[in-house]
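Colleague: Okay, so here is upload-v1.tsv, and as you'll see once you scroll down, it has TSV, C-alpha atoms.
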```tsv
chain	number	residue	atom	x	y	z
A	1	MET	CA	-25.27	44.41	-6.05
A	2	THR	CA	-21.90	42.84	-5.28
A	3	GLY	CA	-21.48	39.16	-4.55
A	4	TRP	CA	-20.82	39.87	-0.89
A	5	GLN	CA	-23.90	42.14	-0.57
A	6	SER	CA	-25.98	39.31	-1.96
A	7	LEU	CA	-25.17	37.43	1.29
A	8	ASP	CA	-26.83	40.09	3.45
A	9	TRP	CA	-29.46	37.50	4.41
A	10	LEU	CA	-26.68	35.93	6.47
A	11	GLY	CA	-25.64	37.47	9.79
A	12	PRO	CA	-22.04	38.53	10.59
A	13	ALA	CA	-21.40	35.39	12.63
A	14	GLU	CA	-22.69	33.19	9.81
A	15	ARG	CA	-20.54	34.99	7.21
A	16	ASP	CA	-17.52	34.61	9.50
A	17	ALA	CA	-18.18	30.88	9.75
A	18	ILE	CA	-18.35	30.53	5.96
A	19	LEU	CA	-15.16	32.56	5.42
A	20	LEU	CA	-13.34	30.59	8.12
A	21	SER	CA	-14.48	27.32	6.56
A	22	LEU	CA	-13.14	28.40	3.15
A	23	GLN	CA	-9.85	29.45	4.75
A	24	VAL	CA	-9.50	26.19	6.71
A	25	ALA	CA	-10.41	24.04	3.68
A	26	SER	CA	-7.96	25.89	1.38
A	27	VAL	CA	-5.02	25.61	3.80
A	28	ALA	CA	-5.83	21.98	4.61
A	29	LEU	CA	-5.97	21.01	0.93
A	30	ALA	CA	-2.72	22.85	0.12
A	31	CYS	CA	-0.93	21.01	2.94
A	32	LEU	CA	-2.33	17.54	2.33
A	33	LEU	CA	-2.01	17.44	-1.48
A	34	PRO	CA	1.79	16.79	-1.61
A	35	VAL	CA	1.36	14.06	1.02
A	36	ALA	CA	-1.54	12.56	-0.93
A	37	LEU	CA	0.47	12.53	-4.17
A	38	VAL	CA	3.34	10.65	-2.52
A	39	LEU	CA	1.02	8.19	-0.78
A	40	GLY	CA	-1.04	7.65	-3.95
A	41	TRP	CA	2.12	6.92	-5.95
A	42	VAL	CA	3.54	4.56	-3.32
A	43	LEU	CA	0.27	2.65	-2.93
A	44	ALA	CA	-0.09	2.35	-6.70
A	45	ARG	CA	3.45	1.21	-7.52
A	46	TRP	CA	4.92	-0.22	-4.30
A	47	LYS	CA	5.08	-4.03	-4.55
A	48	SER	CA	5.98	-4.79	-0.92
A	49	GLU	CA	3.57	-6.64	1.35
A	50	ALA	CA	3.97	-3.73	3.78
A	51	ARG	CA	1.78	-1.74	1.39
A	52	VAL	CA	-1.25	-3.30	3.10
A	53	ILE	CA	-0.21	-1.75	6.42
A	54	LEU	CA	0.28	1.67	4.83
A	55	ASP	CA	-3.09	1.34	3.08
A	56	VAL	CA	-4.80	0.62	6.40
A	57	ILE	CA	-3.14	3.61	8.09
A	58	VAL	CA	-4.13	5.97	5.26
A	59	HIS	CA	-7.76	4.88	5.30
A	60	LEU	CA	-8.07	4.66	9.08
A	61	PRO	CA	-9.63	8.16	9.50
A	62	LEU	CA	-12.37	7.06	7.09
A	63	VAL	CA	-13.67	4.30	9.38
A	64	MET	CA	-12.50	5.45	12.82
A	65	PRO	CA	-14.89	7.62	14.86
A	66	PRO	CA	-13.99	11.27	14.14
A	67	VAL	CA	-13.96	12.00	17.88
A	68	VAL	CA	-11.19	9.44	18.32
A	69	THR	CA	-9.19	11.06	15.53
A	70	GLY	CA	-9.62	14.47	17.17
A	71	PHE	CA	-8.58	13.09	20.55
A	72	LEU	CA	-5.43	11.53	19.07
A	73	LEU	CA	-4.61	14.84	17.37
A	74	LEU	CA	-5.04	16.61	20.70
A	75	LEU	CA	-2.65	14.17	22.39
A	76	ALA	CA	-0.03	14.51	19.66
A	77	PHE	CA	-0.36	18.16	18.60
A	78	GLY	CA	-1.56	19.78	21.83
A	79	ARG	CA	0.70	22.31	23.55
A	80	LYS	CA	2.08	19.53	25.76
A	81	GLY	CA	1.97	16.82	23.08
A	82	PRO	CA	5.20	15.31	21.71
A	83	ILE	CA	4.79	16.94	18.31
A	84	GLY	CA	2.84	20.07	19.28
A	85	SER	CA	5.35	21.16	21.95
A	86	VAL	CA	8.27	20.80	19.52
A	87	LEU	CA	6.50	22.79	16.79
A	88	ASP	CA	5.51	25.47	19.31
A	89	GLN	CA	9.04	25.92	20.66
A	90	ALA	CA	10.82	25.64	17.30
A	91	PHE	CA	8.48	27.57	14.99
A	92	GLY	CA	5.83	29.14	17.24
A	93	LEU	CA	3.27	27.00	15.40
A	94	VAL	CA	0.28	26.21	17.65
A	95	PHE	CA	-2.56	23.89	16.63
A	96	ALA	CA	-4.66	23.36	19.74
A	97	PHE	CA	-7.72	25.62	19.86
A	98	ARG	CA	-6.55	27.57	16.80
A	99	TRP	CA	-7.81	27.67	13.23
A	100	THR	CA	-4.57	25.99	12.20
A	101	GLY	CA	-5.68	23.00	14.27
A	102	ALA	CA	-9.00	23.00	12.45
A	103	ALA	CA	-7.07	22.87	9.16
A	104	LEU	CA	-4.96	19.97	10.47
A	105	ALA	CA	-8.03	18.03	11.58
A	106	ALA	CA	-9.74	18.65	8.24
A	107	ALA	CA	-6.62	17.54	6.34
A	108	VAL	CA	-6.37	14.28	8.28
A	109	MET	CA	-10.05	13.47	7.78
A	110	ALA	CA	-9.94	14.32	4.05
A	111	LEU	CA	-6.70	12.46	3.34
A	112	PRO	CA	-8.30	9.08	2.42
A	113	LEU	CA	-10.76	10.76	0.02
A	114	VAL	CA	-7.90	12.54	-1.76
A	115	VAL	CA	-5.48	9.60	-1.82
A	116	ARG	CA	-7.94	7.06	-3.26
A	117	PRO	CA	-8.71	8.72	-6.63
A	118	ILE	CA	-5.04	9.70	-6.99
A	119	ARG	CA	-3.98	6.10	-6.39
A	120	LEU	CA	-6.50	4.80	-8.94
A	121	ALA	CA	-5.27	7.39	-11.45
A	122	PHE	CA	-1.65	6.33	-10.98
A	123	GLU	CA	-2.65	2.65	-11.32
A	124	ALA	CA	-4.47	3.47	-14.58
A	125	ALA	CA	-1.44	5.27	-16.04
A	126	ASP	CA	0.37	2.80	-18.30
A	127	PRO	CA	3.83	2.17	-16.72
A	128	ARG	CA	5.17	1.03	-20.10
A	129	LEU	CA	5.22	4.66	-21.23
A	130	SER	CA	7.60	5.60	-18.41
A	131	GLU	CA	9.68	2.49	-19.09
A	132	ALA	CA	9.96	3.46	-22.75
A	133	ALA	CA	11.04	6.97	-21.76
A	134	SER	CA	13.65	5.54	-19.38
A	135	SER	CA	15.03	3.33	-22.17
A	136	LEU	CA	15.56	6.54	-24.18
A	137	GLY	CA	17.55	8.10	-21.34
A	138	VAL	CA	14.84	10.25	-19.76
A	139	PRO	CA	15.41	10.63	-15.99
A	140	PRO	CA	12.70	9.04	-13.78
A	141	TRP	CA	11.69	12.40	-12.26
A	142	ARG	CA	11.22	13.91	-15.71
A	143	SER	CA	9.15	11.01	-17.02
A	144	PHE	CA	7.01	11.29	-13.88
A	145	LEU	CA	6.39	15.03	-14.40
A	146	THR	CA	5.86	14.86	-18.17
A	147	ILE	CA	4.13	11.48	-18.61
A	148	THR	CA	2.69	9.91	-15.45
A	149	LEU	CA	1.51	13.07	-13.72
A	150	PRO	CA	-0.44	14.44	-16.75
A	151	LEU	CA	-2.09	11.03	-17.26
A	152	ALA	CA	-3.15	11.00	-13.59
A	153	LEU	CA	-4.34	14.61	-13.63
A	154	PRO	CA	-8.11	13.84	-13.84
A	155	GLY	CA	-7.89	11.69	-10.71
A	156	ILE	CA	-5.76	14.28	-8.94
A	157	LEU	CA	-8.22	17.07	-9.69
A	158	ALA	CA	-11.18	14.92	-8.64
A	159	GLY	CA	-9.43	14.08	-5.38
A	160	MET	CA	-8.66	17.75	-4.74
A	161	ILE	CA	-12.27	18.80	-5.19
A	162	LEU	CA	-13.67	15.98	-3.08
A	163	GLY	CA	-11.08	16.74	-0.39
A	164	PHE	CA	-12.00	20.42	-0.39
A	165	ALA	CA	-15.68	19.56	0.05
A	166	LYS	CA	-14.85	17.17	2.89
A	167	CYS	CA	-12.72	19.83	4.62
A	168	LEU	CA	-15.61	22.31	4.43
A	169	GLY	CA	-17.96	19.92	6.22
A	170	GLU	CA	-15.59	18.43	8.81
A	171	PHE	CA	-17.07	18.37	12.32
A	172	GLY	CA	-16.23	15.57	14.76
A	173	ALA	CA	-12.42	15.69	14.79
A	174	THR	CA	-12.45	19.50	14.62
A	175	VAL	CA	-14.70	20.09	17.63
A	176	THR	CA	-12.71	17.53	19.68
A	177	PHE	CA	-9.31	18.93	18.76
A	178	VAL	CA	-9.88	22.70	18.67
A	179	SER	CA	-13.27	23.11	20.34
A	180	ASN	CA	-15.93	25.57	19.12
A	181	ILE	CA	-14.50	29.09	19.46
A	182	PRO	CA	-16.33	31.93	17.64
A	183	GLY	CA	-14.15	33.63	15.04
A	184	GLU	CA	-11.27	31.18	15.59
A	185	THR	CA	-12.41	27.58	15.10
A	186	ARG	CA	-16.19	27.85	14.55
A	187	THR	CA	-16.47	26.61	10.98
A	188	LEU	CA	-19.66	26.04	9.00
A	189	SER	CA	-20.55	22.71	10.62
A	190	LEU	CA	-19.78	23.91	14.14
A	191	ALA	CA	-21.83	27.08	13.57
A	192	ILE	CA	-24.83	24.98	12.52
A	193	GLN	CA	-24.49	22.80	15.61
A	194	THR	CA	-24.30	25.91	17.81
A	195	LEU	CA	-27.37	27.48	16.22
A	196	LEU	CA	-29.41	24.27	16.57
A	197	SER	CA	-28.68	24.16	20.31
A	198	ALA	CA	-29.85	27.78	20.82
A	199	PRO	CA	-33.49	29.00	20.99
A	200	GLY	CA	-34.65	30.39	17.64
A	201	GLY	CA	-31.55	29.17	15.84
A	202	ASP	CA	-33.41	26.94	13.39
A	203	GLY	CA	-33.72	29.66	10.73
A	204	PRO	CA	-30.04	30.70	10.64
A	205	ALA	CA	-29.03	27.03	10.87
A	206	LEU	CA	-31.19	26.25	7.84
A	207	ARG	CA	-29.57	29.10	5.88
A	208	LEU	CA	-26.10	27.83	6.70
A	209	ALA	CA	-27.16	24.27	5.84
A	210	LEU	CA	-28.36	25.49	2.43
A	211	VAL	CA	-25.01	27.21	1.86
A	212	GLY	CA	-23.23	23.97	2.76
A	213	ILE	CA	-25.43	21.95	0.40
A	214	VAL	CA	-24.85	24.41	-2.46
A	215	ILE	CA	-21.08	24.29	-1.95
A	216	ALA	CA	-21.07	20.47	-1.79
A	217	VAL	CA	-23.22	20.08	-4.91
A	218	ALA	CA	-21.12	22.64	-6.79
A	219	ALA	CA	-17.94	20.77	-5.81
A	220	LEU	CA	-19.32	17.44	-7.04
A	221	ILE	CA	-20.51	18.93	-10.33
A	222	LEU	CA	-17.19	20.72	-10.81
A	223	ALA	CA	-15.29	17.47	-10.11
A	224	GLU	CA	-17.33	15.66	-12.75
A	225	ILE	CA	-16.89	18.44	-15.33
A	226	VAL	CA	-13.15	18.76	-14.75
A	227	THR	CA	-12.69	14.99	-14.91
A	228	ARG	CA	-14.57	14.75	-18.21
A	229	ILE	CA	-12.63	17.66	-19.72
A	230	MET	CA	-9.27	16.26	-18.65
A	231	ARG	CA	-10.11	12.74	-19.85
A	232	ARG	CA	-11.22	14.11	-23.22
A	233	ARG	CA	-8.07	16.23	-23.60
A	234	LEU	CA	-5.86	13.29	-22.64
A	235	GLY	CA	-7.74	10.96	-24.98
A	236	LEU	CA	-8.60	8.55	-22.17
A	237	ASP	CA	-12.17	8.13	-23.43
A	238	LEU	CA	-10.96	6.87	-26.78
A	239	PRO	CA	-10.88	3.13	-27.51
A	240	ARG	CA	-7.58	1.61	-26.32
A	241	SER	CA	-6.62	0.82	-29.92
A	242	ARG	CA	-6.81	4.54	-30.82
A	243	ARG	CA	-5.03	6.00	-27.77
A	244	SER	CA	-1.60	5.43	-29.23
A	245	ARG	CA	-2.58	7.62	-32.19
A	246	GLY	CA	-3.84	10.41	-29.87
A	247	PRO	CA	-7.25	12.09	-29.64
A	248	ALA	CA	-9.16	12.65	-32.85
```
Step by step, read the file and then write its structure as structure tokens.

Modeller:
Amino acid sequence: MTGWQSLDWLGPAERDAILLSLQVASVALACLLPVALVLGWVLARWKSEARVILDVIVHLPLVMPPVVTGFLLLLAFGRKGPIGSVLDQAFGLVFAFRWTGAALAAAVMALPLVVRPIRLAFEAADPRLSEAASSLGVPPWRSFLTITLPLALPGILAGMILGFAKCLGEFGATVTFVSNIPGETRTLSLAIQTLLSAPGGDGPALRLALVGIVIAVAALILAEIVTRIMRRRLGLDLPRSRRSRGPA
């Protein structure tokens, strides 16, 4: 029995919703990760008072009602929005009522969860190591790639996994921005909501809910395992006095 055949207990529409959710979450994470790395670095090392304003903006989707976030995305990235119309005319890139819009909504909602562990990881990376490398003539970009980035890798990986799980379960901003279109924008959460509002949909909704729970639990366990492995390889679990000598 193949892995896909083992999902025969799910109907075609339910399998489509799961596949679409995986597609949306993967694209969203790939697009938001570079932004999250830059924001995490700036928030960790920027000394200006304006950092507070940037911090508030980054974390705003975490506390703002998701429907409001979706509405703002619709105003900005809709076909007649200031950004959406430009992207449509210049690149043929349409977000409203498309799966690409679902990926955008998921990326915006997951951004705070990805930025926070990355920021903490950058703050934990000892800046004196980069300063020592600079004193030896190493360019800043090279010391970042070879020293700071590897030290922050456990936090980056944890943020990626948590962000992927958040993208899989996104609902409020997605349904407001791109609606609930079968085969186009109906992700896992939207499919569950649709099934619950239909007669006899409790059973399929429960199956999809179980799939969502399994994916979320697997993501959390994977994040913990990866973080422990990376911390052990980097020697971050060693006493501070022994770190300079490297892992035993």

Colleague: Using all atoms listed in the file, find the one residue out of A:Ala28, A:Pro66, A:Leu190, A:Leu157 that sits nearest to Arg116 (chain A).

Modeller: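 Result for the nearest residue to Arg116 (chain A): A:Leu157.
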
Colleague: Mind giving me the straight-line distance from CA of Ile181 (chain A) to CA of Leu162 (chain A) in Å, one decimal?

Modeller: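 Calculated distance between CA of Ile181 (chain A) and CA of Leu162 (chain A) is 26.1 Å.
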
Colleague: Could you work out how far CA of Ile161 (chain A) lies from CA of Arg128 (chain A), giving the answer in Å with one decimal?

Modeller: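 Pair CA of Arg128 (chain A) / CA of Ile161 (chain A) returns 29.0 Å.
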
Colleague: May I ask for the distance between CA of Arg228 (chain A) and CA of Met160 (chain A), given in Å to one decimal place?

Modeller: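 It comes out at 15.0 Å.
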
Colleague: Which polymer residues have any atom within 6 Å of an atom of Thr174 (chain A), counting all atoms listed in the file, with same-chain residues fewer than 4 positions away left out, as a PyMOL selection string?

Modeller: chain A and resi 102+105+178

Colleague: Find the residue from A:Val38, A:Arg231, A:Val68, A:Ile156 that sits nearest to Ile118 (chain A); use only C-alpha atoms when measuring.

Modeller: A:Ile156

Colleague: Quick one: of A:Ile83, A:Leu222, A:Ile192, A:Ala124, who's nearest to Leu206 (chain A), counting only C-alpha atoms?

Modeller: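 Once distances to Leu206 (chain A) are computed over only C-alpha atoms, the minimum belongs to A:Ile192.
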
Colleague: Env of Arg45 (chain A): 9 Å cut, atoms = all atoms listed in the file, seq-sep filter 6 positions within chain, self excluded. Answer as a PyMOL selection string.

Modeller: chain A and resi 119+122-123

Colleague: Could you give me, as a ChimeraX atom specification, the residues that have an atom at most 9 Å away from the point (0.4, 12.1, -11.8) in the coordinates of the file, using all atoms listed in the file?

Modeller: /A:37,41,118,121-122,125,144-156

Colleague: Counting all atoms listed in the file, which residue out of A:Ala132, A:Val115, A:Ala107, A:Ile215 sits closest to Leu39 (chain A)?

Modeller: A:Val115

Colleague: Neighbours of Gly70 (chain A) within 12 Å (all atoms listed in the file; same-chain residues fewer than 4 positions away dropped), as a VMD selection string?

Modeller: chain A and resid 61 64 to 66 74 to 78 95 to 97 101 to 109 170 to 179

Colleague: So, with all atoms listed in the file as the atoms that count, which of A:Leu87, A:Ala110, A:Lys47, A:Leu72 lies closest to Val35 (chain A)?

Modeller: A:Ala110

Colleague: Which one of A:Leu60, A:Leu168, A:Leu129, A:Gly159 sits closest to Val226 (chain A) if you count all atoms listed in the file?

Modeller: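 Among the listed residues, the smallest separation from Val226 (chain A) belongs to A:Gly159.
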
Colleague: Show which residues sit within 7 Å of Gly163 (chain A), as JSON, numbers by chain. Count all atoms listed in the file, and ignore same-chain residues fewer than 6 positions away.

Modeller: {"A": [29, 110, 113, 114]}

Colleague: Would you export the selected residues with C-alpha atoms as an mmCIF file, keeping the file's coordinate frame, please?

Modeller:
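The resulting again_21.cif:
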```cif
data_model
loop_
_atom_site.group_PDB
_atom_site.id
_atom_site.type_symbol
_atom_site.label_atom_id
_atom_site.label_comp_id
_atom_site.auth_asym_id
_atom_site.auth_seq_id
_atom_site.Cartn_x
_atom_site.Cartn_y
_atom_site.Cartn_z
ATOM 1 C CA LEU A 29 -5.970 21.010 0.930
ATOM 2 C CA ALA A 110 -9.940 14.320 4.050
ATOM 3 C CA LEU A 113 -10.760 10.760 0.020
ATOM 4 C CA VAL A 114 -7.900 12.540 -1.760
#
```

Colleague: With all heavy atoms retained, output region 180-194 of chain A as a PDB file, in the first residue's frame.

Modeller:
```
ATOM      1  N   ASN A 180     -13.587  31.335  -0.078  1.00  0.00           N
ATOM      2  CA  ASN A 180     -13.532  29.882   0.131  1.00  0.00           C
ATOM      3  C   ASN A 180     -13.915  29.192  -1.177  1.00  0.00           C
ATOM      4  O   ASN A 180     -15.052  28.754  -1.365  1.00  0.00           O
ATOM      5  CB  ASN A 180     -14.501  29.508   1.264  1.00  0.00           C
ATOM      6  CG  ASN A 180     -14.397  28.057   1.652  1.00  0.00           C
ATOM      7  OD1 ASN A 180     -13.699  27.270   1.012  1.00  0.00           O
ATOM      8  ND2 ASN A 180     -15.113  27.677   2.699  1.00  0.00           N
ATOM      9  N   ILE A 181     -12.961  29.080  -2.095  1.00  0.00           N
ATOM     10  CA  ILE A 181     -13.215  28.558  -3.436  1.00  0.00           C
ATOM     11  C   ILE A 181     -12.651  27.131  -3.539  1.00  0.00           C
ATOM     12  O   ILE A 181     -11.454  26.940  -3.368  1.00  0.00           O
ATOM     13  CB  ILE A 181     -12.553  29.454  -4.505  1.00  0.00           C
ATOM     14  CG1 ILE A 181     -13.035  30.907  -4.337  1.00  0.00           C
ATOM     15  CG2 ILE A 181     -12.861  28.949  -5.900  1.00  0.00           C
ATOM     16  CD1 ILE A 181     -12.306  31.892  -5.225  1.00  0.00           C
ATOM     17  N   PRO A 182     -13.506  26.136  -3.809  1.00  0.00           N
ATOM     18  CA  PRO A 182     -13.015  24.745  -3.892  1.00  0.00           C
ATOM     19  C   PRO A 182     -11.928  24.591  -4.955  1.00  0.00           C
ATOM     20  O   PRO A 182     -12.066  25.070  -6.084  1.00  0.00           O
ATOM     21  CB  PRO A 182     -14.280  23.962  -4.285  1.00  0.00           C
ATOM     22  CG  PRO A 182     -15.418  24.836  -3.892  1.00  0.00           C
ATOM     23  CD  PRO A 182     -14.955  26.252  -4.043  1.00  0.00           C
ATOM     24  N   GLY A 183     -10.857  23.914  -4.574  1.00  0.00           N
ATOM     25  CA  GLY A 183      -9.764  23.650  -5.507  1.00  0.00           C
ATOM     26  C   GLY A 183      -8.851  24.826  -5.755  1.00  0.00           C
ATOM     27  O   GLY A 183      -7.818  24.674  -6.426  1.00  0.00           O
ATOM     28  N   GLU A 184      -9.178  26.016  -5.248  1.00  0.00           N
ATOM     29  CA  GLU A 184      -8.348  27.200  -5.494  1.00  0.00           C
ATOM     30  C   GLU A 184      -7.843  27.803  -4.190  1.00  0.00           C
ATOM     31  O   GLU A 184      -6.653  28.057  -4.038  1.00  0.00           O
ATOM     32  CB  GLU A 184      -9.145  28.242  -6.281  1.00  0.00           C
ATOM     33  CG  GLU A 184      -8.368  29.504  -6.633  1.00  0.00           C
ATOM     34  CD  GLU A 184      -7.243  29.229  -7.609  1.00  0.00           C
ATOM     35  OE1 GLU A 184      -7.417  28.402  -8.523  1.00  0.00           O
ATOM     36  OE2 GLU A 184      -6.156  29.832  -7.445  1.00  0.00           O
ATOM     37  N   THR A 185      -8.766  28.057  -3.261  1.00  0.00           N
ATOM     38  CA  THR A 185      -8.366  28.673  -1.983  1.00  0.00           C
ATOM     39  C   THR A 185      -8.877  27.895  -0.768  1.00  0.00           C
ATOM     40  O   THR A 185      -8.657  28.331   0.348  1.00  0.00           O
ATOM     41  CB  THR A 185      -8.895  30.120  -1.901  1.00  0.00           C
ATOM     42  OG1 THR A 185     -10.327  30.100  -1.875  1.00  0.00           O
ATOM     43  CG2 THR A 185      -8.426  30.951  -3.085  1.00  0.00           C
ATOM     44  N   ARG A 186      -9.591  26.784  -0.995  1.00  0.00           N
ATOM     45  CA  ARG A 186     -10.148  26.038   0.141  1.00  0.00           C
ATOM     46  C   ARG A 186      -9.066  25.158   0.761  1.00  0.00           C
ATOM     47  O   ARG A 186      -8.839  24.018   0.355  1.00  0.00           O
ATOM     48  CB  ARG A 186     -11.341  25.193  -0.295  1.00  0.00           C
ATOM     49  CG  ARG A 186     -11.997  24.444   0.883  1.00  0.00           C
ATOM     50  CD  ARG A 186     -13.297  23.770   0.474  1.00  0.00           C
ATOM     51  NE  ARG A 186     -14.327  24.759   0.175  1.00  0.00           N
ATOM     52  CZ  ARG A 186     -15.520  24.466  -0.317  1.00  0.00           C
ATOM     53  NH1 ARG A 186     -15.822  23.204  -0.584  1.00  0.00           N
ATOM     54  NH2 ARG A 186     -16.391  25.417  -0.561  1.00  0.00           N
ATOM     55  N   THR A 187      -8.393  25.719   1.757  1.00  0.00           N
ATOM     56  CA  THR A 187      -7.353  24.984   2.461  1.00  0.00           C
ATOM     57  C   THR A 187      -7.971  24.113   3.554  1.00  0.00           C
ATOM     58  O   THR A 187      -9.199  24.022   3.669  1.00  0.00           O
ATOM     59  CB  THR A 187      -6.344  25.969   3.077  1.00  0.00           C
ATOM     60  OG1 THR A 187      -7.058  26.879   3.929  1.00  0.00           O
ATOM     61  CG2 THR A 187      -5.622  26.770   1.995  1.00  0.00           C
ATOM     62  N   LEU A 188      -7.121  23.503   4.359  1.00  0.00           N
ATOM     63  CA  LEU A 188      -7.580  22.564   5.379  1.00  0.00           C
ATOM     64  C   LEU A 188      -8.592  23.197   6.337  1.00  0.00           C
ATOM     65  O   LEU A 188      -9.673  22.645   6.574  1.00  0.00           O
ATOM     66  CB  LEU A 188      -6.368  22.057   6.159  1.00  0.00           C
ATOM     67  CG  LEU A 188      -6.604  20.928   7.168  1.00  0.00           C
ATOM     68  CD1 LEU A 188      -7.070  19.678   6.469  1.00  0.00           C
ATOM     69  CD2 LEU A 188      -5.316  20.646   7.946  1.00  0.00           C
ATOM     70  N   SER A 189      -8.274  24.367   6.855  1.00  0.00           N
ATOM     71  CA  SER A 189      -9.173  25.021   7.813  1.00  0.00           C
ATOM     72  C   SER A 189     -10.490  25.423   7.164  1.00  0.00           C
ATOM     73  O   SER A 189     -11.569  25.260   7.754  1.00  0.00           O
ATOM     74  CB  SER A 189      -8.489  26.261   8.398  1.00  0.00           C
ATOM     75  OG  SER A 189      -7.302  25.913   9.060  1.00  0.00           O
ATOM     76  N   LEU A 190     -10.429  25.944   5.958  1.00  0.00           N
ATOM     77  CA  LEU A 190     -11.645  26.359   5.264  1.00  0.00           C
ATOM     78  C   LEU A 190     -12.502  25.147   4.898  1.00  0.00           C
ATOM     79  O   LEU A 190     -13.744  25.227   4.912  1.00  0.00           O
ATOM     80  CB  LEU A 190     -11.293  27.161   4.011  1.00  0.00           C
ATOM     81  CG  LEU A 190     -11.107  28.671   4.206  1.00  0.00           C
ATOM     82  CD1 LEU A 190      -9.906  28.958   5.094  1.00  0.00           C
ATOM     83  CD2 LEU A 190     -10.939  29.380   2.874  1.00  0.00           C
ATOM     84  N   ALA A 191     -11.863  24.026   4.566  1.00  0.00           N
ATOM     85  CA  ALA A 191     -12.613  22.811   4.251  1.00  0.00           C
ATOM     86  C   ALA A 191     -13.352  22.295   5.482  1.00  0.00           C
ATOM     87  O   ALA A 191     -14.505  21.849   5.391  1.00  0.00           O
ATOM     88  CB  ALA A 191     -11.668  21.745   3.710  1.00  0.00           C
ATOM     89  N   ILE A 192     -12.707  22.380   6.652  1.00  0.00           N
ATOM     90  CA  ILE A 192     -13.369  21.949   7.889  1.00  0.00           C
ATOM     91  C   ILE A 192     -14.574  22.839   8.188  1.00  0.00           C
ATOM     92  O   ILE A 192     -15.664  22.346   8.538  1.00  0.00           O
ATOM     93  CB  ILE A 192     -12.358  21.993   9.064  1.00  0.00           C
ATOM     94  CG1 ILE A 192     -11.271  20.932   8.862  1.00  0.00           C
ATOM     95  CG2 ILE A 192     -13.072  21.775  10.395  1.00  0.00           C
ATOM     96  CD1 ILE A 192     -10.172  20.980   9.897  1.00  0.00           C
ATOM     97  N   GLN A 193     -14.401  24.138   8.023  1.00  0.00           N
ATOM     98  CA  GLN A 193     -15.514  25.062   8.263  1.00  0.00           C
ATOM     99  C   GLN A 193     -16.670  24.785   7.309  1.00  0.00           C
ATOM    100  O   GLN A 193     -17.833  24.815   7.694  1.00  0.00           O
ATOM    101  CB  GLN A 193     -15.008  26.499   8.116  1.00  0.00           C
ATOM    102  CG  GLN A 193     -15.979  27.566   8.564  1.00  0.00           C
ATOM    103  CD  GLN A 193     -16.877  28.052   7.443  1.00  0.00           C
ATOM    104  OE1 GLN A 193     -16.561  27.862   6.278  1.00  0.00           O
ATOM    105  NE2 GLN A 193     -18.004  28.659   7.808  1.00  0.00           N
ATOM    106  N   THR A 194     -16.364  24.472   6.053  1.00  0.00           N
ATOM    107  CA  THR A 194     -17.399  24.174   5.068  1.00  0.00           C
ATOM    108  C   THR A 194     -18.143  22.893   5.425  1.00  0.00           C
ATOM    109  O   THR A 194     -19.378  22.827   5.340  1.00  0.00           O
ATOM    110  CB  THR A 194     -16.763  24.037   3.676  1.00  0.00           C
ATOM    111  OG1 THR A 194     -16.080  25.250   3.352  1.00  0.00           O
ATOM    112  CG2 THR A 194     -17.821  23.777   2.612  1.00  0.00           C
TER     113      THR A 194
END
```
